[in-house]
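Enquirer: Encoded as structure tokens, here's the structure I'll be asking about.
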Amino acid sequence: MTIATSALHERPELLLGPNPFIEALPPFVPYDQWANNLRNYPLDGHDWRPLRPGAREALLSFSAKHFVPIRTILDIASGLQDLLRRSLVLTNPLDPNERRRRNTVLLSTSLKEMRRVASLDAAGAIIKGMTGMGKSRIVARVLEIIAPEQVIRHGPSEECKWTKLDQLIWVYVNHASNGSRGGLLKLILSAIDVALGSDYYVQHHKKENIDSLLATVARTLSNHRVALLVIDEKQKQNFDDSPWGIEFILFYLMLMNLGISVVMVGSPLAFVNLEGFSQVQRRFSIGGIHELIPASSADSPWWKDDFVPRMRCFSLLESDAMEKSVRDKVEFDLTGGIPGLYVALDAASQRAALRRSSALSSAELALEDIHAGADSATFRDLKDIALAATGKESDSPSKTAYLDIPETQDKAGTESAATPAGRQAPQVPLVRDASTHAAVQRLLRAHKASLTRQHNSTAARLKSMANLSEEEVAMLGFSADLIEAALKTKDDQATSAPQPKRPKPTSSSDK
């Protein structure tokens with residue numbers, strides 16, 4: 001079969017032969033075109049100026065669709081595209097070996113039978129960052145570009161040996177709030193039903209046997225040729241602290257072996273278990289392990305040159321009454337270099353300006369509007385997030401501790417994440433005033449609590465690993481001897497730990 005040169009430019013994978021799954025996709029996006037493709041300005045081509053300022057407020061809701069490309073997300077977009085197309089190449093229905101493998105999977109009644117099937121080398125990606133960094137928006141925007149049609153209905157095909165196929169390109173689910181595998185698996189079935197109009201959830205929602213439910217979900221994803229499974233918002237308390245942490249990882253690896261790419265999206269604190277195994281690291285590194293962190297200053301290149309000026313393109317105001325340097329500083333101080341907070345503050349500020357100029361023929365943004373926006377009901381509580389991200393003290397009575405913000409954020413020099421293990425932490429200066437002393441005490445308590453959580457998490461992981469089969473241990477890239485040695489070390493440490501002193505008995509002579 002001869003493939004036209006124009007088709008090869010749009011879908012380079014066809015150079016190695018026809019593939020109906022690849023042919024159904026939009027053209028491949030080269031890396032140097034991602035910035036242009038990601039851009040989405042909903043106000044472009046629409047003249048809002050004839051509207052009086054009071055009426056323009058209704059258009060502020062479209063700011064949610066305003067998407068600006070920045071240099072830190074281009075690798076994420078490219079990685080997601082590679083993962084999706086990689087899976088569709090590996091599961092080409094014109095390959096007779098792949099058809100036999102797929103049929104064996106669909107006829108399997110247990111996980112053990114599925115694991116015997118020759119595995120594919122699908123992969124994954126991790127996208128982590130604290131709240132407000134735009135992780136979910138980035139993934140959703142990329143999916144709109146690389147696979148705008150989530151479902152593709154294929155008719156009869158003699159070459160592919162099917163009478164019809166409802167192909168589900170990707171599935172996007174939020175992690176179960178109760179942290180259980182059963183909850184996550186049923187959410188996956190529900191998401192499939194929403195996309196296809198099927199009733200898998202109704203058929204299987206009463207299943208309590210986890211292994212049976214795992215097999216059902218794996219078969220269903222394989223049956224509909226899902227190429228990309230996205231699991232979003234994995235908070236630390238429902239992943240790292242879950243007794244099913246190891247089993248979650250094994251489930252993701254099994255899906256990859258079936259040709260399904262897995263993308264994890266969430267807080268940096270959620271991925272401790274995932275990043276502790278060599279095999280898992282290798283698989284997820286193929287799509288990339290990406291971390292989005294706040295801008296370290298108003299002069300950070302991606303913030304100053306990419307994000308802020310393009311976000312300001314969504315404006316329903318004729319002019320800006322402030323000097324640029326003044327506006328840059330006040331907005332950064334209020335948002336902590338967090339994109340999601342900037343979007344919220346900008347909308348609240350524009351709303352204040354439009355209301356102030358409601359009866360006039362035009363409107364301009366003033367410093368008072370930014371402060372009014374910062375004190376508005378839509379932004380007021382978000383200021384604590386910016387303070388937490390920058391390590392500053394909140395004036396809120398609750399002094400909220402956010403679980404998805406790393407406890408140590410280096411904002412002084414480079415834009416780094418929490419201080420990694422083994423790296424020297426910043427020195428704490430000697431302090432004498434009461435308020436600073438209290439702040440240091442809170443940091444020390446937080447550090448001690450963090451160490452306790454890490455110890456408990458490690459103990460739970462080792463206990464789970466002790467019950468794994470040799471095959472499951474190999475999937476994680478470990479050996480049984482290594483696990484046995486780790487368990488012995490943990491027990492030895494527990495035995496040698498100093499015991500609390502008991503009070504000395506009081507003798508009659510001491511009275």
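Every chain in the structure tokens takes a letter, A first, then B, and so on in the order presented; its residues are numbered from 1, and the ligands are numbered from 1 following the presented order.
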Identify, with DSSP run on backbone atoms, the residues in range 239-326 of chain A assigned to strand (DSSP E or B), and express the list as a ChimeraX atom specification.

Expert: /A:261-266,289-292,319-320

Enquirer: Tell me, as JSON, numbers by chain, which residues lie within 9 Å of Glu318 in chain A, counting only C-alpha atoms; anything in the same chain fewer than 6 positions away does not count.

Expert: {"A": [49, 362, 363, 364, 365]}

Enquirer: Produce a file of the selected residues containing C-alpha atoms, as an mmCIF file, in the first residue's frame.

Expert:
data_model
loop_
_atom_site.group_PDB
_atom_site.id
_atom_site.type_symbol
_atom_site.label_atom_id
_atom_site.label_comp_id
_atom_site.auth_asym_id
_atom_site.auth_seq_id
_atom_site.Cartn_x
_atom_site.Cartn_y
_atom_site.Cartn_z
ATOM 1 C CA ARG A 49 -16.540 47.945 23.122
ATOM 2 C CA SER A 362 -15.672 53.135 28.934
ATOM 3 C CA ALA A 363 -13.692 51.606 31.792
ATOM 4 C CA GLU A 364 -10.108 51.500 32.969
ATOM 5 C CA LEU A 365 -8.271 49.393 35.511
#

Enquirer: If we count only C-alpha atoms and set the cut-off at 6 Å, which residues sit around range 94-107 of chain A, ignoring sequence neighbours fewer than 2 positions away in its own chain? Please answer as a ChimeraX atom specification.

Expert: /A:92,114,160,219

Enquirer: Restricting it to N, CA and C atoms, dump the selection as an mmCIF file, in the first residue's frame.

Expert:
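Listed below is the output, selection_32.cif:
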data_model
loop_
_atom_site.group_PDB
_atom_site.id
_atom_site.type_symbol
_atom_site.label_atom_id
_atom_site.label_comp_id
_atom_site.auth_asym_id
_atom_site.auth_seq_id
_atom_site.Cartn_x
_atom_site.Cartn_y
_atom_site.Cartn_z
ATOM 1 N N ASN A 92 -2.179 -1.740 17.070
ATOM 2 C CA ASN A 92 -2.670 -1.686 15.689
ATOM 3 C C ASN A 92 -3.523 -2.931 15.377
ATOM 4 N N MET A 114 -4.511 -12.707 32.708
ATOM 5 C CA MET A 114 -4.100 -11.547 31.914
ATOM 6 C C MET A 114 -2.587 -11.354 31.929
ATOM 7 N N CYS A 160 -9.661 -5.817 10.021
ATOM 8 C CA CYS A 160 -9.513 -5.758 11.477
ATOM 9 C C CYS A 160 -10.289 -6.863 12.191
ATOM 10 N N ARG A 219 -10.460 -5.513 31.170
ATOM 11 C CA ARG A 219 -11.070 -6.033 29.932
ATOM 12 C C ARG A 219 -11.859 -4.949 29.213
#

Enquirer: Under the rule that only C-alpha atoms are counted, which of A:Asn209, A:Ser349, A:Asn37, A:Thr72 is the nearest residue to Pro301 in chain A?

Expert: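 The shortest atom-to-atom distance to Pro301 in chain A comes from A:Thr72.
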
Enquirer: Quick one: distance from CA of Ala215 in chain A to CA of Val262 in chain A in Å, one decimal?

Expert: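 Separation of CA of Ala215 in chain A and CA of Val262 in chain A: 16.7 Å.
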
Enquirer: Find the residues near Leu228 in chain A: any atom within 8 Å, counting only C-alpha atoms, skip ones fewer than 5 places away on the same chain, and give them as a count of residues only.

Expert: 10

Enquirer: Residues at most 8 Å from range 123-135 of chain A, counting only C-alpha atoms, excluding those fewer than 5 positions away in the same chain, as an MDAnalysis selection string?

Expert: chainID A and resid 76 79:80 83 256 260:268 283:294 338:341 404:406

Enquirer: With a distance cut-off of 7 Å and only C-alpha atoms, select the neighbouring residues of range 66-71 of chain A, excluding the residue or stretch itself and same-chain residues fewer than 4 positions from it, and output the selection as a PyMOL selection string.

Expert: chain A and resi 35+38-42+62+302+306-307+310-311

Enquirer: Name all residues at most 12 Å from Gly54 in chain A (count only C-alpha atoms; drop same-chain ones fewer than 6 positions away) and give them as a list in words.

Expert: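 Here the answer would be Trp48, Leu60, Leu316, Leu317, Gln350, Arg351, Ala352, Ala353, Leu354, Arg355, Arg356, Ser357, Ser358, Ala359, Leu360, Ser361, Ser362 and Ala363 of chain A.
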
Enquirer: Create the file for the chosen residues now, containing C-alpha atoms and written as an mmCIF file, in the first residue's frame.

Expert:
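The resulting file, result_25.cif, is reproduced below:
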data_model
loop_
_atom_site.group_PDB
_atom_site.id
_atom_site.type_symbol
_atom_site.label_atom_id
_atom_site.label_comp_id
_atom_site.auth_asym_id
_atom_site.auth_seq_id
_atom_site.Cartn_x
_atom_site.Cartn_y
_atom_site.Cartn_z
ATOM 1 C CA TRP A 48 -17.152 44.186 23.085
ATOM 2 C CA LEU A 60 -16.037 37.550 32.316
ATOM 3 C CA LEU A 316 -12.900 44.016 28.827
ATOM 4 C CA LEU A 317 -11.410 47.391 29.734
ATOM 5 C CA GLN A 350 -11.963 43.596 36.069
ATOM 6 C CA ARG A 351 -15.341 43.004 37.690
ATOM 7 C CA ALA A 352 -14.625 45.759 40.215
ATOM 8 C CA ALA A 353 -13.551 48.164 37.447
ATOM 9 C CA LEU A 354 -16.624 47.408 35.318
ATOM 10 C CA ARG A 355 -18.961 47.967 38.252
ATOM 11 C CA ARG A 356 -17.201 51.198 39.201
ATOM 12 C CA SER A 357 -17.667 52.444 35.620
ATOM 13 C CA SER A 358 -21.057 50.815 35.083
ATOM 14 C CA ALA A 359 -22.861 53.946 33.885
ATOM 15 C CA LEU A 360 -19.967 55.303 31.798
ATOM 16 C CA SER A 361 -19.097 54.621 28.170
ATOM 17 C CA SER A 362 -15.672 53.135 28.934
ATOM 18 C CA ALA A 363 -13.692 51.606 31.792
#

Enquirer: Ranking A:Cys313, A:Leu165, A:Arg11, A:Ala366 by minimum distance to Ser222 in chain A and counting only C-alpha atoms, which one comes first?

Expert: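 Of A:Cys313, A:Leu165, A:Arg11, A:Ala366, the one nearest Ser222 in chain A is A:Leu165, counting only C-alpha atoms.
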
Enquirer: Could you check how far CA of Lys329 in chain A sits from CA of Leu367 in chain A, in Å to one decimal?

Expert: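 Separating CA of Lys329 in chain A from CA of Leu367 in chain A is a distance of 11.2 Å.
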
Enquirer: I'd like to know which of A:Ile145, A:Val173, A:Ile22, A:Leu51 is closest to Arg85 in chain A, using only C-alpha atoms.

Expert: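 Nearest to Arg85 in chain A: A:Ile22.
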
Enquirer: Write out as a PyMOL selection string the set of residues from range 213-401 of chain A that DSSP, computed on the backbone, places in alpha helix (DSSP H).

Expert: chain A and resi 213-223+245-257+278-287+301+308-311+324-335+339-356+367-374+383-390
